[in-house]
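**Q** Provided below: final-v2.cif, containing mmCIF, C-alpha atoms.
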data_target
loop_
_atom_site.label_atom_id
_atom_site.label_comp_id
_atom_site.auth_asym_id
_atom_site.auth_seq_id
_atom_site.Cartn_x
_atom_site.Cartn_y
_atom_site.Cartn_z
CA MET A 581 5.26 -36.96 1.29
CA LYS A 582 5.51 -34.32 4.03
CA VAL A 583 3.12 -31.41 3.46
CA ALA A 584 3.99 -28.14 5.23
CA LYS A 585 1.32 -26.05 6.90
CA SER A 586 1.46 -22.70 5.14
CA LYS A 587 1.30 -20.49 8.26
CA GLU A 588 3.95 -22.51 10.10
CA VAL A 589 6.39 -22.56 7.20
CA MET A 590 6.01 -18.83 6.56
CA LYS A 591 6.55 -18.05 10.24
CA LYS A 592 9.79 -20.03 10.30
CA PHE A 593 10.98 -18.62 6.99
CA LEU A 594 10.37 -15.00 7.95
CA GLU A 595 12.07 -15.51 11.32
CA GLU A 596 15.20 -16.79 9.57
CA TYR A 597 15.16 -14.29 6.70
CA ASN A 598 17.72 -11.61 7.64
CA VAL A 599 16.93 -8.66 5.39
CA ASP A 600 19.84 -6.41 4.51
CA ARG A 601 17.59 -3.38 4.28
CA LYS A 602 19.13 -0.41 2.44
CA THR A 603 17.92 3.17 2.11
CA GLU A 604 17.97 5.87 -0.53
CA ILE A 605 17.04 9.55 -0.69
CA VAL A 606 14.19 10.46 -3.04
CA PRO A 607 12.41 13.77 -3.75
CA LEU A 608 8.84 14.11 -2.51
CA ASP A 609 7.60 13.87 -6.10
CA GLU A 610 8.85 10.26 -6.18
CA ALA A 611 7.97 9.26 -2.62
CA LEU A 612 4.31 8.21 -2.97
CA ASN A 613 3.82 4.65 -1.62
CA ARG A 614 7.48 4.39 -0.63
CA VAL A 615 8.31 3.21 2.90
CA LEU A 616 9.80 5.87 5.17
CA ALA A 617 13.16 4.85 6.66
CA GLU A 618 13.61 7.66 9.22
CA ASP A 619 11.38 9.66 11.53
CA ILE A 620 10.44 13.08 10.15
CA LEU A 621 11.17 16.11 12.33
CA SER A 622 10.20 19.60 11.25
CA LYS A 623 12.89 21.82 9.78
CA VAL A 624 10.82 24.99 10.16
CA THR A 625 8.66 26.89 12.62
CA ILE A 626 5.21 27.89 11.33
CA PRO A 627 4.27 30.61 11.72
CA MET A 628 7.72 32.06 12.36
CA VAL A 629 6.04 34.88 14.31
CA ARG A 630 2.45 35.40 15.34
CA ALA A 631 0.00 35.45 12.42
CA SER A 632 -3.63 36.21 11.74
CA MET A 633 -6.06 33.48 12.68
CA LEU A 634 -8.63 34.62 10.10
CA ASP A 635 -9.42 37.29 7.51
CA GLY A 636 -9.54 40.74 9.08
CA ILE A 637 -7.54 43.81 10.01
CA ALA A 638 -4.59 44.11 12.36
CA VAL A 639 -4.70 46.85 15.03
CA CYS A 640 -2.95 47.99 18.22
CA SER A 641 -4.93 46.67 21.19
CA SER A 642 -3.75 49.61 23.30
CA MET A 643 -6.01 51.90 21.25
CA PHE A 644 -9.02 49.89 22.48
CA GLU A 645 -8.35 50.12 26.22
CA ASN A 646 -11.27 52.53 26.67
CA GLY A 647 -13.60 50.91 24.16
CA ILE A 648 -13.98 51.37 20.43
CA PRO A 649 -11.96 54.44 19.37
CA ASP A 650 -13.02 57.08 16.83
CA THR A 651 -11.88 55.67 13.51
CA SER A 652 -13.11 58.46 11.27
CA ASN A 653 -9.56 59.57 10.53
CA TRP A 654 -7.92 56.14 10.49
CA THR A 655 -5.97 55.29 7.36
CA LEU A 656 -4.82 51.99 5.96
CA GLY A 657 -1.18 51.40 6.77
CA CYS A 658 -1.19 53.73 9.73
CA GLU A 659 -3.73 52.82 12.39
CA TYR A 660 -4.52 49.44 10.82
CA VAL A 661 -3.53 47.03 8.02
CA ARG A 662 -5.26 44.13 6.27
CA ALA A 663 -4.28 40.73 7.65
CA ASP A 664 -5.93 37.68 6.12
CA THR A 665 -5.77 34.10 7.41
CA GLY A 666 -2.17 33.09 8.09
CA ASP A 667 -0.79 36.54 7.22
CA ASP A 668 2.17 38.08 8.95
CA PHE A 669 1.83 41.80 9.72
CA ASP A 670 3.93 44.63 11.10
CA ASP A 671 5.09 44.16 14.68
CA LYS A 672 3.48 47.40 15.83
CA TYR A 673 0.08 45.68 15.56
CA ASP A 674 -0.76 42.92 18.01
CA SER A 675 -4.43 41.99 17.51
CA ILE A 676 -6.91 41.08 14.80
CA ILE A 677 -10.50 42.19 14.22
CA ARG A 678 -12.36 39.83 11.94
CA ILE A 679 -13.48 41.26 8.62
CA GLU A 680 -17.15 40.63 9.48
CA ASP A 681 -16.85 43.21 12.31
CA VAL A 682 -15.64 46.06 10.13
CA SER A 683 -17.17 48.05 7.28
CA PHE A 684 -16.30 50.98 5.07
CA ASP A 685 -18.53 53.91 4.12
CA GLU A 686 -18.79 55.66 0.78
CA ASN A 687 -15.68 57.68 1.64
CA ASN A 688 -13.79 54.48 2.46
CA LYS A 689 -13.70 55.34 6.14
CA LEU A 690 -13.39 52.45 8.55
CA HIS A 691 -16.21 51.55 10.96
CA ILE A 692 -15.85 48.90 13.67
CA ASN A 693 -18.66 46.92 15.30
CA PRO A 694 -19.19 48.70 18.64
CA ASP A 695 -20.04 45.44 20.44
CA ILE A 696 -16.66 43.75 20.03
CA LYS A 697 -13.78 43.67 22.47
CA VAL A 698 -10.18 43.92 21.39
CA THR A 699 -7.56 42.50 23.74
CA PRO A 700 -3.81 41.96 23.29
CA GLY A 701 -3.16 39.04 20.94
CA CYS A 702 -6.81 38.34 20.16
CA LEU A 703 -7.48 36.28 17.01
CA THR A 704 -3.77 35.73 16.41
CA LYS A 705 -1.84 32.48 16.16
CA LYS A 706 1.29 32.29 18.27
CA ALA A 707 4.67 31.59 16.69
CA GLY A 708 5.02 27.82 16.22
CA SER A 709 1.33 27.19 16.83
CA SER A 710 1.11 25.15 13.61
CA LEU A 711 4.56 23.56 13.75
CA LYS A 712 7.76 24.03 15.71
CA TYR A 713 11.31 23.39 14.58
CA ASP A 714 12.44 19.83 15.39
CA GLU A 715 8.87 18.79 16.27
CA PHE A 716 7.87 15.19 15.43
CA VAL A 717 5.82 14.91 12.23
CA LEU A 718 5.81 11.26 11.07
CA GLY A 719 7.35 7.99 12.21
CA LYS A 720 9.38 5.61 10.04
CA ASN A 721 8.19 2.29 8.60
CA VAL A 722 4.99 3.69 7.09
CA LYS A 723 3.98 3.61 3.43
CA LEU A 724 3.69 7.24 2.39
CA VAL A 725 0.27 8.50 1.27
CA PRO A 726 -0.56 11.95 -0.17
CA THR A 727 -1.43 13.49 3.21
CA ASP A 728 1.94 12.29 4.58
CA LEU A 729 3.73 14.00 1.70
CA ALA A 730 1.83 17.23 2.36
CA ALA A 731 2.79 17.06 6.06
CA ILE A 732 6.44 16.49 5.13
CA ALA A 733 6.37 19.44 2.72
CA MET A 734 4.78 21.59 5.45
CA ALA A 735 7.75 20.69 7.65
CA GLY A 736 10.10 22.31 5.13
CA ILE A 737 11.43 19.01 3.76
CA THR A 738 11.82 18.34 0.04
CA GLU A 739 13.33 14.84 0.06
CA VAL A 740 13.07 11.80 2.31
CA SER A 741 14.98 8.67 3.21
CA VAL A 742 13.08 5.56 2.14
CA TYR A 743 13.86 1.86 2.03
CA LYS A 744 15.05 0.64 -1.32
CA LYS A 745 12.46 -1.45 -3.07
CA PRO A 746 13.22 -5.14 -3.40
CA ILE A 747 14.06 -6.17 -6.94
CA VAL A 748 11.99 -9.26 -7.64
CA GLY A 749 12.88 -11.42 -10.60
CA PHE A 750 10.09 -13.47 -12.22
CA ILE A 751 11.19 -16.35 -14.44
CA PRO A 752 8.39 -18.10 -16.39
CA THR A 753 9.35 -21.66 -17.24
CA GLY A 754 7.81 -24.25 -19.49
CA SER A 755 8.33 -25.40 -23.08
CA GLU A 756 4.60 -24.94 -23.67
CA LEU A 757 4.59 -21.20 -22.88
CA ILE A 758 4.38 -18.35 -25.37
CA ALA A 759 4.56 -14.63 -24.68
CA VAL A 760 1.47 -12.45 -24.52
CA GLY A 761 0.54 -11.36 -28.04
CA GLN A 762 1.88 -14.43 -29.81
CA GLU A 763 -0.45 -16.71 -31.73
CA VAL A 764 -1.76 -19.64 -29.72
CA THR A 765 -1.12 -22.94 -31.45
CA ARG A 766 -1.63 -26.55 -30.44
CA GLY A 767 0.14 -27.43 -27.21
CA LYS A 768 0.93 -23.83 -26.36
CA ASN A 769 -0.29 -21.65 -23.51
CA ILE A 770 -0.06 -17.88 -22.95
CA ASP A 771 2.29 -16.72 -20.20
CA SER A 772 -0.28 -14.58 -18.37
CA ASN A 773 1.44 -15.15 -15.01
CA SER A 774 4.22 -12.73 -15.94
CA VAL A 775 1.56 -10.03 -16.24
CA LEU A 776 -0.08 -11.10 -12.98
CA ALA A 777 3.20 -11.14 -11.06
CA LYS A 778 4.47 -7.86 -12.49
CA PHE A 779 1.49 -5.85 -11.35
CA MET A 780 0.85 -7.65 -8.06
CA LEU A 781 4.50 -7.17 -7.11
CA LYS A 782 4.44 -3.50 -8.10
CA GLU A 783 1.31 -3.09 -5.99
CA MET A 784 3.21 -4.66 -3.07
CA GLY A 785 5.97 -2.06 -3.48
CA ALA A 786 8.61 -4.03 -5.40
CA ASP A 787 10.53 -3.35 -8.59
CA VAL A 788 10.13 -6.23 -11.03
CA ILE A 789 12.31 -7.83 -13.67
CA ASN A 790 10.27 -10.07 -15.96
CA TYR A 791 12.73 -12.51 -17.51
CA PRO A 792 12.13 -14.30 -20.85
CA ILE A 793 10.42 -17.67 -20.90
CA VAL A 794 12.82 -20.53 -20.18
CA LYS A 795 12.22 -23.96 -21.70
CA ASP A 796 12.17 -27.13 -19.59
CA ASP A 797 15.91 -27.75 -19.70
CA PHE A 798 17.89 -28.11 -16.46
CA LYS A 799 20.96 -26.25 -17.70
CA LEU A 800 18.95 -23.39 -19.16
CA LEU A 801 16.93 -23.12 -15.96
CA GLU A 802 20.08 -23.08 -13.85
CA GLN A 803 21.59 -20.33 -16.01
CA ALA A 804 18.42 -18.24 -15.72
CA LEU A 805 18.28 -18.72 -11.94
CA ASP A 806 21.95 -17.79 -11.48
CA LYS A 807 21.47 -14.64 -13.55
CA ALA A 808 18.39 -13.64 -11.53
CA LEU A 809 20.17 -14.29 -8.23
CA SER A 810 22.98 -11.95 -9.32
CA GLU A 811 20.50 -9.18 -10.20
CA CYS A 812 17.62 -9.53 -7.75
CA ASP A 813 16.78 -9.60 -4.05
CA ILE A 814 13.97 -12.12 -4.43
CA VAL A 815 13.50 -14.65 -7.24
CA ILE A 816 10.33 -16.39 -8.39
CA LEU A 817 10.47 -19.41 -10.69
CA ASN A 818 7.07 -20.07 -12.19
CA GLY A 819 6.15 -23.59 -13.27
CA GLY A 820 7.88 -26.95 -13.01
CA SER A 821 7.18 -27.22 -9.30
CA SER A 822 5.50 -30.60 -9.20
CA LYS A 823 7.07 -34.04 -9.71
CA GLY A 824 6.52 -34.57 -13.41
CA GLU A 825 9.17 -35.65 -15.90
CA GLU A 826 10.04 -32.04 -16.79
CA ASP A 827 9.48 -30.48 -13.36
CA PHE A 828 13.09 -29.49 -12.77
CA ASN A 829 12.73 -26.34 -10.68
CA ALA A 830 12.25 -27.79 -7.21
CA ARG A 831 15.21 -30.11 -7.82
CA LEU A 832 17.26 -27.11 -8.93
CA LEU A 833 16.49 -25.19 -5.73
CA LYS A 834 17.33 -28.21 -3.58
CA SER A 835 20.75 -28.37 -5.24
CA LYS A 836 21.54 -24.75 -4.41
CA GLY A 837 20.05 -23.80 -1.05
CA LYS A 838 17.93 -24.56 1.97
CA ILE A 839 14.44 -25.86 1.29
CA TYR A 840 11.70 -24.85 3.73
CA CYS A 841 8.90 -26.70 1.99
CA HIS A 842 7.95 -28.47 -1.19
CA TRP A 843 4.19 -29.01 -1.11
CA THR A 844 2.03 -27.13 1.35
CA THR A 845 -1.46 -27.21 2.74
CA ARG A 846 -2.36 -24.12 0.70
CA ALA A 847 -4.31 -24.95 -2.45
CA PRO A 848 -4.54 -24.53 -5.37
CA GLY A 849 -0.80 -24.45 -5.85
CA ARG A 850 0.24 -27.10 -3.33
CA PRO A 851 3.55 -27.99 -5.04
CA LEU A 852 5.04 -24.59 -4.10
CA CYS A 853 8.72 -24.85 -3.14
CA LEU A 854 10.15 -22.22 -0.78
CA ALA A 855 13.92 -21.92 -0.54
CA MET A 856 16.72 -19.65 0.66
CA ILE A 857 19.81 -19.32 -1.52
CA ASP A 858 22.57 -17.01 -0.25
CA ASN A 859 20.03 -15.31 2.04
CA LYS A 860 17.79 -14.57 -0.92
CA PRO A 861 14.24 -15.95 -1.00
CA VAL A 862 13.64 -18.13 -4.03
CA ILE A 863 10.10 -19.37 -4.55
CA ASN A 864 9.06 -21.95 -7.10
CA VAL A 865 5.44 -21.06 -7.79
CA PRO A 866 3.10 -23.51 -9.52
CA GLY A 867 2.18 -22.69 -13.10
CA PRO A 868 -1.66 -22.70 -13.09
CA ALA A 869 -2.95 -19.11 -12.87
CA ILE A 870 -5.06 -19.47 -9.73
CA GLY A 871 -2.22 -21.28 -7.97
CA ALA A 872 0.23 -18.51 -8.94
CA PHE A 873 -2.20 -15.86 -7.67
CA ASN A 874 -2.64 -17.81 -4.43
CA ALA A 875 1.14 -18.08 -3.91
CA LEU A 876 1.72 -14.39 -4.56
CA ASN A 877 -0.83 -13.61 -1.84
CA TRP A 878 0.06 -15.98 0.98
CA CYS A 879 3.78 -16.53 0.43
CA ILE A 880 5.42 -13.75 -1.57
CA ASN A 881 3.52 -10.72 -0.22
CA PRO A 882 4.76 -11.34 3.36
CA ILE A 883 8.32 -11.71 2.06
CA VAL A 884 8.13 -8.36 0.25
CA ASN A 885 6.62 -6.80 3.38
CA LYS A 886 9.49 -8.17 5.47
CA PHE A 887 11.98 -6.65 3.04
CA LEU A 888 10.25 -3.26 3.30
CA GLY A 889 9.66 -3.40 7.05
CA LEU A 890 5.88 -3.36 6.63
CA PRO A 891 3.25 -5.32 8.57
CA ASN A 892 1.02 -7.85 6.84
CA VAL A 893 -2.33 -6.09 6.48
CA ALA A 894 -5.52 -8.08 5.95
CA LYS A 895 -7.72 -7.23 3.00
CA GLN A 896 -11.08 -5.56 3.60
CA LYS A 897 -13.82 -8.08 4.38
CA ILE A 898 -17.57 -8.15 3.94
CA THR A 899 -20.23 -10.66 5.00
CA GLY A 900 -22.93 -11.87 2.65
CA ILE A 901 -25.23 -14.74 1.74
CA ILE A 902 -23.63 -17.57 -0.22
CA THR A 903 -25.67 -18.58 -3.29
CA LYS A 904 -24.28 -22.11 -3.76
CA ASP A 905 -23.02 -24.94 -1.58
CA LEU A 906 -19.27 -24.73 -0.99
CA GLU A 907 -17.43 -27.80 0.28
CA CYS A 908 -14.37 -27.54 2.51
CA TRP A 909 -11.26 -29.54 1.66
CA GLY A 910 -10.40 -30.92 5.08
CA ASP A 911 -6.69 -31.39 4.34
CA ALA A 912 -6.12 -28.04 2.59
CA GLU A 913 -6.40 -24.31 3.11
CA PHE A 914 -8.32 -23.99 -0.11
CA LEU A 915 -8.74 -20.69 -1.96
CA SER A 916 -12.11 -20.12 -3.59
CA MET A 917 -12.56 -17.16 -5.92
CA MET A 918 -15.85 -15.36 -5.31
CA ASP A 919 -18.27 -13.14 -7.16
CA VAL A 920 -19.92 -10.56 -4.87
CA LYS A 921 -23.00 -8.58 -5.87
CA LYS A 922 -24.93 -6.08 -3.83
CA GLU A 923 -28.70 -5.94 -3.94
CA GLY A 924 -30.13 -3.25 -1.70
CA ASP A 925 -28.31 -3.53 1.61
CA GLN A 926 -27.45 -7.21 1.15
CA TYR A 927 -24.38 -8.85 -0.39
CA TYR A 928 -24.75 -12.10 -2.34
CA ILE A 929 -21.64 -14.23 -2.81
CA THR A 930 -21.21 -16.87 -5.50
CA PRO A 931 -18.25 -19.32 -5.55
CA LEU A 932 -16.45 -19.52 -8.90
CA ASN A 933 -15.14 -22.99 -9.72
CA PHE A 934 -11.99 -22.56 -11.85
CA LYS A 935 -12.02 -26.25 -12.76
CA SER A 936 -15.42 -26.16 -14.44
CA MET A 937 -15.81 -22.62 -15.81
CA ASN A 938 -14.15 -19.78 -17.70
CA LEU A 939 -10.71 -19.42 -16.06
CA ALA A 940 -10.32 -15.80 -17.12
CA ARG A 941 -13.66 -15.04 -15.44
CA CYS A 942 -12.37 -16.65 -12.24
CA MET A 943 -9.21 -14.56 -12.37
CA SER A 944 -11.30 -11.38 -12.57
CA ALA A 945 -13.27 -12.26 -9.41
CA ASN A 946 -13.90 -9.43 -6.96
CA ALA A 947 -13.40 -11.44 -3.75
CA MET A 948 -11.89 -14.61 -2.32
CA TYR A 949 -12.32 -17.00 0.58
CA VAL A 950 -9.64 -19.23 2.12
CA PHE A 951 -10.71 -22.25 4.17
CA GLU A 952 -8.85 -22.95 7.38
CA LEU A 953 -7.64 -26.52 7.81
CA GLY A 954 -10.60 -28.56 8.92
CA GLY A 955 -12.95 -25.64 8.35
CA LYS A 956 -16.67 -25.98 7.88
CA SER A 957 -18.48 -26.31 4.56
CA PHE A 958 -21.18 -23.84 3.55
CA LYS A 959 -24.72 -24.48 2.39
CA LYS A 960 -26.66 -22.21 0.08
CA GLY A 961 -28.15 -19.40 2.20
CA ASP A 962 -25.41 -19.46 4.87
CA LEU A 963 -23.54 -16.29 5.80
CA ILE A 964 -19.90 -16.17 4.71
CA GLU A 965 -17.19 -13.54 5.25
CA VAL A 966 -14.93 -12.98 2.24
CA GLU A 967 -11.88 -10.84 1.46
CA LEU A 968 -12.36 -8.18 -1.21
CA LEU A 969 -10.10 -7.93 -4.25
CA ARG A 970 -11.65 -4.64 -5.38
CA ASP A 971 -12.83 -1.53 -3.56
CA ILE A 972 -16.23 -2.07 -2.01
CA GLU A 973 -17.71 0.74 -4.11
CA TYR A 974 -17.26 -1.36 -7.27
CA LEU A 975 -19.24 -4.38 -6.10
#
Take the structure in this file and express it as C-alpha cells.
**A**
Amino acid sequence: MKVAKSKEVMKKFLEEYNVDRKTEIVPLDEALNRVLAEDILSKVTIPMVRASMLDGIAVCSSMFENGIPDTSNWTLGCEYVRADTGDDFDDKYDSIIRIEDVSFDENNKLHINPDIKVTPGCLTKKAGSSLKYDEFVLGKNVKLVPTDLAAIAMAGITEVSVYKKPIVGFIPTGSELIAVGQEVTRGKNIDSNSVLAKFMLKEMGADVINYPIVKDDFKLLEQALDKALSECDIVILNGGSSKGEEDFNARLLKSKGKIYCHWTTRAPGRPLCLAMIDNKPVINVPGPAIGAFNALNWCINPIVNKFLGLPNVAKQKITGIITKDLECWGDAEFLSMMDVKKEGDQYYITPLNFKSMNLARCMSANAMYVFELGGKSFKKGDLIEVELLRDIEYL
C-alpha cells in the first residue's frame, strides 16, 4: 500500500486546486473576520480644512506680532473662539492657544500666559493631515479585525468587498452513529464530529452545512455526496475511510474523481482520502474523533485558506518540560494531544494518550505536538515545543 507524505500531497493538491474565488459586498457591521477582496482607498479628506490639534482657543496670529496683546476687552466670538481637539473654526482665525495657557477672571475676562508665542498656524492640523482622499488605507487579502473596520469607517466607507465564504458540507456516515442528544444504546456512538467540524470550519472562515447521518449503504452515500456537491464548494465525508467491509467512501470518491491519496503519513487518521471532483475538494476523513480533528487541521484548513486567499498561519507555540516519556512513531507524523500547566515561570507538558484514557479529556487538551517523520523521542524532563490550542493566558 502506497502511503502519501502529508506535506507533499497537500502541496500538489493546492497547486492543482483552481479556486473560482467570488466576491460580495457586505456592510461593515457584517465584515468582522471576513477576507478583504479589494484595496481600501480613502473616500474622504480628514480634516477637510485645518483643525485644532488640542483643546484651546482659536485666535488671529497677526494680533500677536508684537507680543501678547491686551485682552481685557476681548469677547468670545469676536477676538477668539473655543476650539477643542479636532474642531474646525472660523477661517478668520489661524492659530490655537492651548487651554492650559489661558484663564478667566471673576468677570470672565480672558488672560493669556505672557510667556507663550503665537505664530501663524501654531497648534493646528493641516487639511488632510489625518487622511487624504484616495490615500491607501488597507490592502486586500487580509482577515478584517476591529481596528481594520475602524480604519475603513474613518475613510468614509460603509461597506466593503470581501471574498465569499466557502460553503463546506459535512456528511457523517456510519450505521452506528446517532445524533447528539439521542440516547446511547448498545452498538451506537454519538456523532460528535459534526459539532467539531461545524465550529472548527466556522473558525476557519467557512459557512457550514451539517448533513444528516448517512448509513453505510453505497447508494445512500452516493446520493448524499451528489447532493452536497451540488450545494457546496468543499465536501467532507466523515467515516468509512478505511478498508473494512462497510468502508464505502473511499471507493465512492475513486469512482467519481481524481484521488490524490488514500492513506497518509499523518496519524491518527491515516486512512484519509483526498480527492477532487469537478474541481471541488472532497475529503474522506476518518471517523475517530482525534483523527477527524487531525485531518481538519493539516488537510482541510489549508484548503479553506486557499479558497479565501489566506496564508497558512502557524499556531502560537511555547516550550516547556515534558512530564512523561513520549515515543516517536518513525513512519508517521503522529499527533499527540498535550496538557500544559504553568507553575511560576515554567511550563510543564503532559502527553495525553487517547488510546488509554478518557477520550473527551483528550479532545479538550490545550496543546498539541506533531512528530516529523523520523523525529526524535522525548524522555521525561526534556524540553519540548508544542502548539497551543487555547490562548496562553488560559494555561
**Q** Closest to Phe914 of chain A among A:Leu711, A:Ala847, A:Ala855, A:Val606, using only C-alpha atoms?
**A** A:Ala847
**Q** Report as a list of chain:residue names the residues that result from applying the PyMOL selection byres ((chain A and resi 655) around 12) to the structure here.
**A**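 Checking the PyMOL selection byres ((chain A and resi 655) around 12) against this file, the residues are A:Ile637, A:Val639, A:Asp650, A:Thr651, A:Ser652, A:Asn653, A:Trp654, A:Leu656, A:Gly657, A:Cys658, A:Glu659, A:Tyr660, A:Val661, A:Arg662, A:Phe684, A:Asn687, A:Asn688, A:Lys689, A:Leu690, A:His691.
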**Q** Spell out the residues picked by the PyMOL selection byres ((chain A and resi 597) around 9) here, as a PyMOL selection string.
**A** chain A and resi 592-596+598-599+856+859-861+883+886
**Q** Could you list the residues chosen by the PyMOL selection byres ((chain A and resi 746) around 12) in this structure as an MDAnalysis selection string?
**A** chainID A and resid 599:603 614:615 743:745 747:749 781:782 784:789 811:815 860:861 880:881 883:889
**Q** Considering all atoms listed in the file, return as a ChimeraX atom specification whatever protein or nucleic-acid residues lie within 8 Å of Val698 of chain A, sequence-local ones (same chain, fewer than 2 positions apart) excluded.
**A** /A:641,644,675-677,696,700,702
